[in-house]
Amino acid sequence: MAHQADEQNPTIYLKDYRAPDFLIQSAELVFTLGEEGTQVQSTLQVARNSHTDADTALVLNAESMEVTAVAINGQALANTEWKHSDDQLVIQTSETAFLLSCTNLIHPETNTSLNGLYRSRTMFCSQCEPHGFRRITPYLDRPDVLSKFQVKVIANKDKYPVLLSNGNPMQRGELDNNRHFVEWQDPILKPAYLFALVAGDLEVVEDNFTTMSGREVLLQIFVEAKDLDKVDHAMLSLKQAMKWDEDTYGREYDLDIFMIVAVDDFNMGAMENKGLNIFNTSAVLANPKITTDARFQWIQAVVGHEYFHNWSGNRVTCRDWFQLSLKEGFTVFRDSHFSADLNSEAVKRIEDVRTLRAYQFAEDAGPLAHPVQPPSYQEINNFYTLTVYEKGAEIVRMQANLLGPEKFRQATDLYFDRFDGQAVAIEDFVGCISEVSGLNMDQFMNWYKQAGTPVVEATDSYNSDTQEYRLQLGQSCPPTPESSIKEPFVIPVKLGLIGSAGELAFQLEGDSNPVVEKVLSFNKTEQEFVFSGVSEKPTPSLLRGFSAPVKLRFHYSEEQLVHLIRTDTDGFNRWDASQQLAELAIDGSGSSDTLVSSYREILGQSGLDPAVAAMMVTLPSMEALSDSKQNLDVGALYDARTSVREEVADQLESLFRAVYLENQSNQDYQPSASQIGRRALKNVALAYWVTAGSAEALEACKHQYETADNMTDCASALSTLVNAKSNQVQALAENSLRDFYQRWKDEALVVNQWLSIQATSGAKGGLNRVLALMEHEAFDIKNPNKVRSLVGGFCGLNPENFHNIDGSGYKFLADKIIQIDALNPQTASRLVTPLTRWKNYDSERQALMRNELERIAQGELSSDVRELVGKSLL
């Protein structure tokens with residue numbers, strides 16, 4: 001019932017944090033895995049915390065289980081001495097330190113939530129962050145309770161020959177009834193959310209890594225036998241991440257073994273459990289035949305991300321879940337830096353900001369906006385958001401830029417060394433930044449404590465007589481649910497001044513030497529910066545490298561944007577200028593001829609990175625174009641964007657043809673930055689060329705689909721065919737889709753691409769295609785990957801069809817949210833997002849979307865979905 005969900009999930013406030021009443025110093029667990037129930041026996045060394053009164057009861061989290069026995073120091077407790085109800089096990093004892101033993105029964109085989117211990121087809125798997133461990137055995141399931149774990153796993157040796165848990169294997173042996181066991185011991189203190197268990201019929205690929213101190217670490221990746229040929233890239237990425245973390249942060253791995261397991265049914269991308277990372281198959285399995293360039297790079301980043309958590313999250317962990325960005329924002333920053341170092345810095349920065357602007361800015365502008373360190377929550381699962389992760393990473397990036405590489409390394413060394421083995425808060429991390437740099441970070445904390453995306457308004461003036469340039473900056477931040485009043489942020493604005501022939505030297509008032517680039521510390525509501533020695537009127541290159549996560553408002557003329565595209569030395573700002581120029585053409589305030597001319601120049605620049613060129617001639621996405629718009633008519637915006645795209649394709653048809661042919665290659669496939677860039681540019685050119693409509697282009701696309709030796713080219717050609725408009729192309733597309741499925745139906749990850757390509761196609765009739773695919777043998781509503789590919793792809797990445805004015809897309813999404821919520825609340829809650837933004841659209845769509853939110857709210861919902869829907873309707 002609605003009121004029951006609210007009672008069971010009261011609002012939790014950061015201000016109410018208090019240390020736990022009890023500590024668990026060690027945990028010994030014995031799992032007897034069964035097909036119809038699993039028995040868990042736990043022996044916990046418990047100590048009453050120093051602040052806890054002797055009459056305070058021990059209250060353990062204990063959800064979705066049957067507790068059958070409880071004992072203290074080997075003596076069974078009477079039924080009157082313990083009570084299991086309301087998802088808690090309450091034990092009356094006056095002991096200060098004692099050994100607590102519990103026996104309980106759980107049912108992984110019926111656990112469709114994929115939270116706690118569950119079955120993924122033929123294997124057992126766990127997921128404990130944030131609150132999954134309380135579904136496994138009674139425990140103090142909070143991140144500030146750190147324990148040493150010893151785990152014994154017992155199972156049928158034929159069905160489950162591989163038995164894994166955290167740490168190092170200590171003992172293994174045979175038991176009666178064709179069973180066997182393995183005992184694991186983790187010598188490192190950890191919270192329960194980092195616990196892991198896997199049991200299944202798996203194969204292993206092994207390698208070794210020698211740490212900087214000379215220790216040998218065994219690396220193991222466990223997969224199903226059919227996937228043994230898909231782990232080389234993940235293994236290479238792991239070794240690269242281990243080396244990079246040593247070189248960049250001085251952090252060495254601390255156990256003798258590091259394991260990764262690939263699991264097909266998983267709510268997230270991967271999980272950093274200490275020494276035993278569990279990965280969604282989509283984030284670990286790869287080879288050129290089934291994996292696109294983008295997926296290769298994503299796998300590299302995810303493997304790096306989860307490995308980097310070994311220090312930023314595991315060795316130093318969160319005091320409470322309000323500090324989630326302490327580990328996630330910091331680690332996203334680290335994995336982004338890792339990817340940039342191994343590939344292209346400009347490309348990585350563009351990709352990150354593109355995601356931030358299209359999705360996190362929208363989150364900040366909607367009813368679910370929340371600070372990076374939220375003051376309260378009802379369901380913590382709902383705070384695994386772009387704000388906590390991506391915006392959190394941008395906040396760390398600003399601190400790194402304020403300190404510079406050397407001092408930032410000193411600050412992170414201090415942080416890791418001082419807090420090793422502890423559960424800490426965001427303030428502890430920022431305190432290390434302040435201590436090393438000498439900066440007062442009090443005002444900077446507004447980035448963590450205030451929601452919303454700041455808006456920076458910029459104007460300028462130039463005096464040719466005095467060669468003085470003035471830049472006026474003003475900042476504001478719209479109201480968000482937690483506060484309508486915002487204090488000024490500390491905004492680092494990286495600046496260059498571009499003259500007719502390139503960068504100009506300038507000197508900020510108060511500085512002693514001229515420079516060509518400067519980071520301005522903008523920390524007031526309004527602030528003016530005066531520069532001398534500027535030899536001509538410049539075009540400002542503002543917010544270089546996207547130096548702060550803000551919306552910049554500077555009224556560049558088309559001429560200025562073209563000049564930045566042509567002349568700026570900052571790769572990010574050149575791309576950003578191309579996006580602004582395209583947006584002017586799409587909204588009608590600019591000229592499509594100017595855009596075409598600029599694209600012609602970009603494609604003709606021989607020294608430009610092909611990957612950057614591909615991004616520069618790609619129009620802004622519908623999500624990016626929708627940012628900050630109110631009363632949005634999706635259909636009109638889609639038509640305007642399509643019209644500009646078709647005009648660009650028509651006018652530059654011969655150039656796109658030439659670019660496509662020039663970037664062909666007969667080299668063996670490698671997911672290297674240089675090859676990825678050439679393929680990206682080639683496939684962008686092919687899509688434009690096909691849009692222009694020539695028979696030669698269509699034949700080239702068909703030929704590429706049929707002969708491609710890698711999934712990037714194959715899937716790109718298929719997507720181009722599926723999104724083309726003519727009836728002739730659509731018939732070819734349908735044939736290609738059937739052929740693609742027959743070729744790859746045994747590869748689940750490729751089938752997910754097949755579902756996604758169709759779900760995101762802008763061709764008319766999108767909902768009918770999706771409904772038909774939901775009945776297809778390839779779809780399984782219990783599998784999060786397939787739900788994300790089909791339902792998420794259609795509702796989140798197909799605005800033309802999802803926002804059909806008849807409201808059918810909204811009704812479809814509401815139906816799926818209700819259906820999936822009964823199976824897997826976390827997956828269902830992640831589908832709610834498109835409906836939460838109902839206030840951005842025209843009045844007719846607003847009414848239709850709100851009606852569906854109200855219909856969802858009428859049902860019996862999980863706390864995950866109920867919180868999001870309730871907040872969206874306010």
# chains A, B, ... in the order shown; residues from 1 in each chain; ligands from 1
call {"tool": "residues_around", "arguments": {"residues": "Asp864 of chain A", "least_positions_apart": "4", "cutoff": "9 Å", "atoms": "only C-alpha atoms", "output": "list in words"}}
result
Gln378, Glu379, Ile380, Asn381, Asn382, Asp821, Pro825, Gln826, Ala828, Ser829 and Leu868 of chain A
call {"tool": "residues_around", "arguments": {"residues": "Ala748 of chain A", "least_positions_apart": "4", "cutoff": "10 Å", "atoms": "only C-alpha atoms", "output": "list in words"}}
result
Asp264, Thr281, Ser282, Ile290, Trp744, Asn752, Gln753, Trp754, Ala778, Phe779, Asn785 and Lys786 of chain A
call {"tool": "write_last_selection", "arguments": {"atoms": "all heavy atoms", "output": "CSV table (one decimal), in the first residue's frame"}}
result
chain,number,residue,atom,x,y,z
A,264,ASP,N,25.4,-12.0,-16.6
A,264,ASP,CA,24.5,-11.4,-17.6
A,264,ASP,C,23.4,-10.6,-17.0
A,264,ASP,O,22.8,-9.7,-17.6
A,264,ASP,CB,24.0,-12.5,-18.5
A,264,ASP,CG,23.3,-12.0,-19.8
A,264,ASP,OD1,23.9,-11.1,-20.4
A,264,ASP,OD2,22.3,-12.5,-20.2
A,281,THR,N,28.0,-8.4,-18.1
A,281,THR,CA,28.8,-8.9,-19.2
A,281,THR,C,29.0,-7.8,-20.2
A,281,THR,O,30.1,-7.8,-20.9
A,281,THR,CB,28.0,-10.0,-19.9
A,281,THR,OG1,26.6,-9.5,-20.1
A,281,THR,CG2,27.9,-11.3,-19.1
A,282,SER,N,28.1,-6.8,-20.3
A,282,SER,CA,28.3,-5.7,-21.3
A,282,SER,C,29.5,-4.9,-21.0
A,282,SER,O,30.0,-4.1,-21.9
A,282,SER,CB,27.1,-4.8,-21.3
A,282,SER,OG,26.9,-4.2,-20.1
A,290,ILE,N,32.1,-8.6,-32.2
A,290,ILE,CA,30.8,-8.3,-31.5
A,290,ILE,C,30.8,-7.0,-30.8
A,290,ILE,O,29.8,-6.6,-30.3
A,290,ILE,CB,30.5,-9.4,-30.5
A,290,ILE,CG1,31.4,-9.4,-29.3
A,290,ILE,CG2,30.4,-10.8,-31.1
A,290,ILE,CD1,31.0,-10.2,-28.1
A,744,TRP,N,23.7,-13.2,-35.4
A,744,TRP,CA,24.2,-13.0,-34.0
A,744,TRP,C,23.3,-13.3,-32.9
A,744,TRP,O,23.5,-13.0,-31.8
A,744,TRP,CB,24.5,-11.5,-33.9
A,744,TRP,CG,25.6,-11.0,-34.9
A,744,TRP,CD1,25.4,-10.2,-36.0
A,744,TRP,CD2,27.0,-11.3,-34.9
A,744,TRP,NE1,26.6,-10.0,-36.7
A,744,TRP,CE2,27.6,-10.7,-36.0
A,744,TRP,CE3,27.8,-12.1,-34.0
A,744,TRP,CZ2,28.9,-10.7,-36.3
A,744,TRP,CZ3,29.1,-12.2,-34.3
A,744,TRP,CH2,29.7,-11.5,-35.4
A,752,ASN,N,21.5,-7.2,-28.0
A,752,ASN,CA,21.1,-6.0,-27.3
A,752,ASN,C,21.3,-4.8,-28.2
A,752,ASN,O,20.5,-3.8,-28.2
A,752,ASN,CB,21.9,-5.8,-26.0
A,752,ASN,CG,21.5,-6.9,-25.0
A,752,ASN,OD1,20.5,-7.5,-25.1
A,752,ASN,ND2,22.4,-7.0,-24.0
A,753,GLN,N,22.4,-4.8,-29.0
A,753,GLN,CA,22.6,-3.7,-30.0
A,753,GLN,C,21.5,-3.7,-31.0
A,753,GLN,O,21.0,-2.6,-31.4
A,753,GLN,CB,23.9,-3.9,-30.7
A,753,GLN,CG,25.2,-3.7,-29.8
A,753,GLN,CD,26.4,-3.8,-30.6
A,753,GLN,OE1,26.6,-3.0,-31.6
A,753,GLN,NE2,27.3,-4.7,-30.3
A,754,TRP,N,21.1,-4.9,-31.5
A,754,TRP,CA,20.1,-5.0,-32.5
A,754,TRP,C,18.8,-4.4,-31.9
A,754,TRP,O,18.0,-3.7,-32.7
A,754,TRP,CB,19.9,-6.5,-32.8
A,754,TRP,CG,18.9,-6.9,-33.8
A,754,TRP,CD1,18.9,-6.8,-35.1
A,754,TRP,CD2,17.6,-7.6,-33.5
A,754,TRP,NE1,17.8,-7.3,-35.7
A,754,TRP,CE2,17.0,-7.8,-34.7
A,754,TRP,CE3,17.0,-8.0,-32.3
A,754,TRP,CZ2,15.7,-8.4,-34.8
A,754,TRP,CZ3,15.8,-8.6,-32.4
A,754,TRP,CH2,15.1,-8.8,-33.6
A,778,ALA,N,14.1,-12.8,-28.5
A,778,ALA,CA,15.3,-12.2,-28.0
A,778,ALA,C,15.1,-11.3,-26.8
A,778,ALA,O,16.1,-11.0,-26.1
A,778,ALA,CB,15.9,-11.3,-29.1
A,779,PHE,N,13.9,-11.0,-26.4
A,779,PHE,CA,13.6,-10.1,-25.3
A,779,PHE,C,13.3,-10.8,-24.1
A,779,PHE,O,12.5,-11.8,-24.1
A,779,PHE,CB,12.5,-9.1,-25.7
A,779,PHE,CG,12.3,-8.1,-24.6
A,779,PHE,CD1,13.2,-7.0,-24.4
A,779,PHE,CD2,11.2,-8.1,-23.8
A,779,PHE,CE1,13.0,-6.1,-23.4
A,779,PHE,CE2,11.0,-7.2,-22.8
A,779,PHE,CZ,11.9,-6.2,-22.6
A,785,ASN,N,19.7,-5.6,-19.0
A,785,ASN,CA,20.4,-5.2,-20.2
A,785,ASN,C,19.4,-5.0,-21.4
A,785,ASN,O,19.4,-4.1,-22.2
A,785,ASN,CB,21.5,-6.1,-20.6
A,785,ASN,CG,22.7,-6.0,-19.7
A,785,ASN,OD1,22.8,-5.0,-19.0
A,785,ASN,ND2,23.6,-7.0,-19.8
A,786,LYS,N,18.5,-6.0,-21.5
A,786,LYS,CA,17.5,-6.0,-22.6
A,786,LYS,C,16.4,-4.9,-22.3
A,786,LYS,O,16.0,-4.3,-23.3
A,786,LYS,CB,16.9,-7.4,-22.7
A,786,LYS,CG,17.9,-8.4,-23.1
A,786,LYS,CD,17.3,-9.7,-23.6
A,786,LYS,CE,18.4,-10.7,-23.9
A,786,LYS,NZ,19.3,-10.3,-24.9
call {"tool": "residues_around", "arguments": {"residues": "Glu328 of chain A", "least_positions_apart": "2", "cutoff": "9 Å", "atoms": "only C-alpha atoms", "output": "PyMOL selection string"}}
result
chain A and resi 305+309+312-313+324-326+330-333+388-390+392-393
call {"tool": "select_by_dssp", "arguments": {"residues": "segment 754-845 of chain A", "states": "alpha helix (DSSP H)", "output": "CSV table (one decimal) with N, CA, C and O atoms, in the first residue's frame"}}
result
chain,number,residue,atom,x,y,z
A,754,TRP,N,21.1,-4.9,-31.5
A,754,TRP,CA,20.1,-5.0,-32.5
A,754,TRP,C,18.8,-4.4,-31.9
A,754,TRP,O,18.0,-3.7,-32.7
A,755,LEU,N,18.4,-4.7,-30.7
A,755,LEU,CA,17.2,-4.2,-30.1
A,755,LEU,C,17.3,-2.6,-30.0
A,755,LEU,O,16.4,-1.9,-30.3
A,756,SER,N,18.5,-2.1,-29.6
A,756,SER,CA,18.7,-0.7,-29.4
A,756,SER,C,18.6,0.1,-30.7
A,756,SER,O,18.0,1.1,-30.8
A,757,ILE,N,19.2,-0.5,-31.8
A,757,ILE,CA,19.2,0.2,-33.1
A,757,ILE,C,17.7,0.4,-33.5
A,757,ILE,O,17.4,1.5,-34.0
A,758,GLN,N,16.9,-0.6,-33.3
A,758,GLN,CA,15.5,-0.4,-33.7
A,758,GLN,C,14.7,0.5,-32.8
A,758,GLN,O,13.9,1.3,-33.2
A,759,ALA,N,15.0,0.4,-31.5
A,759,ALA,CA,14.3,1.2,-30.5
A,759,ALA,C,14.6,2.6,-30.7
A,759,ALA,O,13.7,3.5,-30.4
A,766,GLY,N,7.6,3.9,-34.5
A,766,GLY,CA,8.6,3.3,-33.5
A,766,GLY,C,8.0,2.5,-32.4
A,766,GLY,O,8.5,1.5,-32.1
A,767,LEU,N,6.8,2.9,-31.9
A,767,LEU,CA,6.2,2.2,-30.8
A,767,LEU,C,5.8,0.8,-31.3
A,767,LEU,O,5.9,-0.2,-30.5
A,768,ASN,N,5.2,0.7,-32.4
A,768,ASN,CA,4.7,-0.6,-33.0
A,768,ASN,C,5.9,-1.5,-33.1
A,768,ASN,O,5.8,-2.7,-32.8
A,769,ARG,N,7.1,-1.0,-33.5
A,769,ARG,CA,8.3,-1.8,-33.6
A,769,ARG,C,8.7,-2.4,-32.3
A,769,ARG,O,9.0,-3.5,-32.1
A,770,VAL,N,8.6,-1.5,-31.3
A,770,VAL,CA,9.0,-1.9,-29.9
A,770,VAL,C,8.1,-2.9,-29.4
A,770,VAL,O,8.5,-3.9,-28.7
A,771,LEU,N,6.8,-2.7,-29.5
A,771,LEU,CA,5.8,-3.7,-29.0
A,771,LEU,C,6.0,-5.0,-29.7
A,771,LEU,O,5.9,-6.1,-29.0
A,772,ALA,N,6.3,-5.1,-31.0
A,772,ALA,CA,6.6,-6.3,-31.6
A,772,ALA,C,7.8,-7.0,-31.1
A,772,ALA,O,7.9,-8.2,-30.8
A,773,LEU,N,8.9,-6.2,-30.8
A,773,LEU,CA,10.1,-6.7,-30.3
A,773,LEU,C,10.0,-7.3,-28.9
A,773,LEU,O,10.7,-8.2,-28.5
A,774,MET,N,9.0,-6.7,-28.1
A,774,MET,CA,8.8,-7.2,-26.8
A,774,MET,C,8.3,-8.6,-26.8
A,774,MET,O,8.4,-9.3,-25.8
A,784,PRO,N,18.0,-6.8,-17.1
A,784,PRO,CA,18.1,-5.3,-17.2
A,784,PRO,C,18.8,-4.8,-18.5
A,784,PRO,O,18.4,-3.8,-19.0
A,785,ASN,N,19.7,-5.6,-19.0
A,785,ASN,CA,20.4,-5.2,-20.2
A,785,ASN,C,19.4,-5.0,-21.4
A,785,ASN,O,19.4,-4.1,-22.2
A,786,LYS,N,18.5,-6.0,-21.5
A,786,LYS,CA,17.5,-6.0,-22.6
A,786,LYS,C,16.4,-4.9,-22.3
A,786,LYS,O,16.0,-4.3,-23.3
A,787,VAL,N,16.1,-4.7,-21.1
A,787,VAL,CA,15.1,-3.6,-20.8
A,787,VAL,C,15.7,-2.3,-21.1
A,787,VAL,O,15.1,-1.4,-21.8
A,793,GLY,N,15.9,2.5,-24.5
A,793,GLY,CA,16.3,3.1,-25.8
A,793,GLY,C,15.2,3.9,-26.4
A,793,GLY,O,15.4,5.0,-26.9
A,794,PHE,N,14.0,3.3,-26.5
A,794,PHE,CA,12.9,4.0,-27.1
A,794,PHE,C,12.4,5.2,-26.3
A,794,PHE,O,12.2,6.3,-26.9
A,795,CYS,N,12.3,5.1,-25.0
A,795,CYS,CA,11.7,6.2,-24.2
A,795,CYS,C,12.8,7.3,-23.9
A,795,CYS,O,12.4,8.4,-23.7
A,796,GLY,N,14.0,6.9,-23.9
A,796,GLY,CA,15.0,7.9,-23.5
A,796,GLY,C,15.8,8.5,-24.7
A,796,GLY,O,16.4,9.6,-24.6
A,797,LEU,N,15.9,7.8,-25.8
A,797,LEU,CA,16.7,8.2,-26.9
A,797,LEU,C,16.0,8.2,-28.3
A,797,LEU,O,16.6,8.3,-29.3
A,799,PRO,N,13.1,10.6,-29.1
A,799,PRO,CA,12.1,11.7,-28.8
A,799,PRO,C,11.0,11.8,-29.8
A,799,PRO,O,9.9,12.1,-29.5
A,800,GLU,N,11.3,11.6,-31.1
A,800,GLU,CA,10.3,11.8,-32.2
A,800,GLU,C,9.2,10.8,-32.0
A,800,GLU,O,8.0,11.2,-32.1
A,801,ASN,N,9.5,9.6,-31.7
A,801,ASN,CA,8.4,8.6,-31.5
A,801,ASN,C,7.9,8.5,-30.1
A,801,ASN,O,6.7,8.4,-29.9
A,802,PHE,N,8.7,8.6,-29.1
A,802,PHE,CA,8.2,8.6,-27.7
A,802,PHE,C,7.3,9.7,-27.4
A,802,PHE,O,6.3,9.5,-26.7
A,808,SER,N,0.8,7.8,-26.8
A,808,SER,CA,0.9,6.4,-26.7
A,808,SER,C,2.3,6.0,-26.1
A,808,SER,O,2.4,4.9,-25.4
A,809,GLY,N,3.3,6.8,-26.4
A,809,GLY,CA,4.6,6.5,-25.8
A,809,GLY,C,4.6,6.6,-24.3
A,809,GLY,O,5.2,5.8,-23.6
A,810,TYR,N,3.9,7.6,-23.8
A,810,TYR,CA,3.9,7.8,-22.4
A,810,TYR,C,3.1,6.6,-21.7
A,810,TYR,O,3.5,6.2,-20.6
A,811,LYS,N,2.0,6.2,-22.3
A,811,LYS,CA,1.2,5.1,-21.7
A,811,LYS,C,2.1,3.8,-21.7
A,811,LYS,O,2.1,3.1,-20.8
A,812,PHE,N,2.8,3.6,-22.8
A,812,PHE,CA,3.7,2.4,-22.9
A,812,PHE,C,4.7,2.4,-21.8
A,812,PHE,O,4.9,1.4,-21.1
A,813,LEU,N,5.3,3.5,-21.6
A,813,LEU,CA,6.4,3.6,-20.5
A,813,LEU,C,5.7,3.4,-19.1
A,813,LEU,O,6.3,2.6,-18.3
A,814,ALA,N,4.6,4.0,-18.9
A,814,ALA,CA,3.9,3.8,-17.6
A,814,ALA,C,3.6,2.3,-17.4
A,814,ALA,O,3.8,1.8,-16.3
A,815,ASP,N,3.1,1.7,-18.4
A,815,ASP,CA,2.8,0.2,-18.3
A,815,ASP,C,4.0,-0.6,-17.9
A,815,ASP,O,4.0,-1.5,-17.1
A,816,LYS,N,5.1,-0.3,-18.6
A,816,LYS,CA,6.4,-1.0,-18.3
A,816,LYS,C,6.9,-0.8,-17.0
A,816,LYS,O,7.5,-1.7,-16.3
A,817,ILE,N,6.9,0.5,-16.5
A,817,ILE,CA,7.3,0.8,-15.2
A,817,ILE,C,6.6,0.0,-14.1
A,817,ILE,O,7.2,-0.6,-13.2
A,818,ILE,N,5.3,0.0,-14.3
A,818,ILE,CA,4.4,-0.8,-13.3
A,818,ILE,C,4.8,-2.3,-13.4
A,818,ILE,O,4.9,-2.9,-12.3
A,819,GLN,N,4.9,-2.8,-14.6
A,819,GLN,CA,5.2,-4.2,-14.7
A,819,GLN,C,6.6,-4.6,-14.2
A,819,GLN,O,6.7,-5.6,-13.4
A,820,ILE,N,7.6,-3.8,-14.5
A,820,ILE,CA,8.9,-4.2,-14.1
A,820,ILE,C,9.2,-3.9,-12.6
A,820,ILE,O,9.9,-4.6,-12.0
A,821,ASP,N,8.4,-2.9,-12.1
A,821,ASP,CA,8.6,-2.6,-10.6
A,821,ASP,C,8.3,-3.8,-9.8
A,821,ASP,O,8.9,-4.0,-8.7
A,825,PRO,N,12.7,-3.4,-8.8
A,825,PRO,CA,12.5,-1.9,-8.5
A,825,PRO,C,13.6,-1.0,-9.0
A,825,PRO,O,13.3,0.1,-9.5
A,826,GLN,N,14.9,-1.5,-9.0
A,826,GLN,CA,16.0,-0.6,-9.4
A,826,GLN,C,15.9,-0.3,-10.9
A,826,GLN,O,16.1,0.8,-11.4
A,827,THR,N,15.6,-1.4,-11.7
A,827,THR,CA,15.5,-1.2,-13.1
A,827,THR,C,14.3,-0.3,-13.4
A,827,THR,O,14.4,0.5,-14.3
A,828,ALA,N,13.2,-0.6,-12.7
A,828,ALA,CA,12.0,0.2,-13.0
A,828,ALA,C,12.2,1.7,-12.7
A,828,ALA,O,11.8,2.6,-13.5
A,829,SER,N,12.8,2.0,-11.6
A,829,SER,CA,13.0,3.4,-11.2
A,829,SER,C,13.9,4.1,-12.2
A,829,SER,O,13.7,5.3,-12.4
A,830,ARG,N,14.8,3.4,-12.8
A,830,ARG,CA,15.7,4.1,-13.8
A,830,ARG,C,14.9,4.4,-15.1
A,830,ARG,O,15.4,5.2,-16.0
A,831,LEU,N,13.8,3.8,-15.3
A,831,LEU,CA,12.9,4.1,-16.5
A,831,LEU,C,12.0,5.3,-16.3
A,831,LEU,O,11.5,5.8,-17.3
A,833,THR,N,12.7,8.4,-15.5
A,833,THR,CA,13.3,9.7,-15.8
A,833,THR,C,12.6,10.5,-17.0
A,833,THR,O,12.3,11.7,-16.8
A,834,PRO,N,12.3,9.9,-18.1
A,834,PRO,CA,11.6,10.7,-19.2
A,834,PRO,C,10.3,11.3,-18.8
A,834,PRO,O,10.0,12.5,-19.2
A,835,LEU,N,9.6,10.7,-17.9
A,835,LEU,CA,8.3,11.2,-17.5
A,835,LEU,C,8.5,12.3,-16.4
A,835,LEU,O,7.6,13.2,-16.3
A,836,THR,N,9.6,12.3,-15.7
A,836,THR,CA,9.8,13.3,-14.7
A,836,THR,C,10.0,14.7,-15.2
A,836,THR,O,9.8,15.7,-14.5
A,843,SER,N,1.8,22.3,-23.5
A,843,SER,CA,0.7,22.0,-22.5
A,843,SER,C,0.0,20.7,-22.8
A,843,SER,O,-0.4,19.9,-21.9
A,844,GLU,N,-0.1,20.3,-24.1
A,844,GLU,CA,-0.8,19.1,-24.4
A,844,GLU,C,0.0,17.9,-23.9
A,844,GLU,O,-0.5,16.9,-23.3
A,845,ARG,N,1.3,17.9,-24.2
A,845,ARG,CA,2.1,16.8,-23.8
A,845,ARG,C,2.3,16.8,-22.3
A,845,ARG,O,2.3,15.7,-21.6
call {"tool": "select_by_dssp", "arguments": {"residues": "segment 448-529 of chain A", "states": "strand (DSSP E or B)", "output": "ChimeraX atom specification"}}
result
/A:455-463,468-476,480,483,491-499,502-503,506-508,515,518-522,526-529
call {"tool": "closest_residue", "arguments": {"among": "A:Leu595, A:Cys128, A:Ala763, A:Val396", "to": "Ile278 of chain A", "atoms": "only C-alpha atoms"}}
result
A:Cys128
call {"tool": "atom_distance", "arguments": {"atom1": "atom CA of Val456 of chain A", "atom2": "atom CA of Pro620 of chain A"}}
result
20.9 Å
call {"tool": "closest_residue", "arguments": {"among": "A:Gly34, A:Pro671, A:Pro108, A:Gly859", "to": "Ala822 of chain A", "atoms": "only C-alpha atoms"}}
result
A:Gly859
call {"tool": "closest_residue", "arguments": {"among": "A:Leu661, A:Leu790, A:Val869, A:Ile426", "to": "Lys682 of chain A", "atoms": "only C-alpha atoms"}}
result
A:Leu661
call {"tool": "residues_around", "arguments": {"residues": "Lys391 of chain A", "least_positions_apart": "3", "cutoff": "10 Å", "atoms": "only C-alpha atoms", "output": "PyMOL selection string"}}
result
chain A and resi 325+329+332-333+353+356+360-361+364+371-372+385-388+394-397+447-448+453+548-549
call {"tool": "closest_atom_pairs", "arguments": {"of": "segment 633-747 of chain A", "to": "segment 597-613 of chain A", "cutoff": "8 Å", "atoms": "only C-alpha atoms", "output": "CSV"}}
result
residue,atom,partner,partner_atom,distance
A:Leu652,CA,A:Arg600,CA,7.3
A:Leu655,CA,A:Arg600,CA,7.7
A:Val659,CA,A:Leu603,CA,7.6
A:Ile676,CA,A:Ala611,CA,7.2
A:Gly677,CA,A:Ala611,CA,3.9
A:Arg678,CA,A:Pro610,CA,5.6
A:Ala680,CA,A:Ala611,CA,6.0
A:Leu681,CA,A:Pro610,CA,5.8
call {"tool": "write_last_selection", "arguments": {"atoms": "N, CA and C atoms", "output": "compact mmCIF listing (two decimals), in the first residue's frame"}}
result
# COMPACT_ATOMS: atom_id res chain seq x y z
N LEU A 652 26.92 19.14 -49.14
CA LEU A 652 28.27 18.60 -49.00
C LEU A 652 28.36 17.13 -49.43
N LEU A 655 31.64 15.97 -50.83
CA LEU A 655 32.70 15.99 -49.83
C LEU A 655 32.55 14.82 -48.87
N VAL A 659 35.31 11.99 -48.13
CA VAL A 659 35.79 11.69 -46.78
C VAL A 659 35.58 10.22 -46.46
N ILE A 676 40.10 4.29 -34.26
CA ILE A 676 38.75 4.66 -33.83
C ILE A 676 38.35 6.00 -34.44
N GLY A 677 39.28 6.95 -34.46
CA GLY A 677 38.99 8.25 -35.05
C GLY A 677 38.65 8.16 -36.52
N ARG A 678 39.40 7.38 -37.27
CA ARG A 678 39.13 7.25 -38.70
C ARG A 678 37.79 6.58 -38.96
N ALA A 680 35.23 6.61 -36.94
CA ALA A 680 34.18 7.54 -36.54
C ALA A 680 33.89 8.53 -37.65
N LEU A 681 34.92 9.11 -38.23
CA LEU A 681 34.74 10.10 -39.29
C LEU A 681 34.14 9.44 -40.53
call {"tool": "decode", "arguments": {"residues": "segment 592-601 of chain A", "atoms": "C-alpha atoms", "output": "compact mmCIF listing (two decimals), in the first residue's frame"}}
result
# COMPACT_ATOMS: atom_id res chain seq x y z
CA SER A 592 22.63 27.05 -42.54
CA ASP A 593 24.94 28.33 -45.29
CA THR A 594 27.42 29.47 -42.63
CA LEU A 595 27.19 26.06 -40.98
CA VAL A 596 27.76 24.28 -44.27
CA SER A 597 30.76 26.48 -45.03
CA SER A 598 32.22 25.78 -41.60
CA TYR A 599 31.72 22.02 -41.98
CA ARG A 600 33.43 22.17 -45.36
CA GLU A 601 36.43 23.82 -43.75
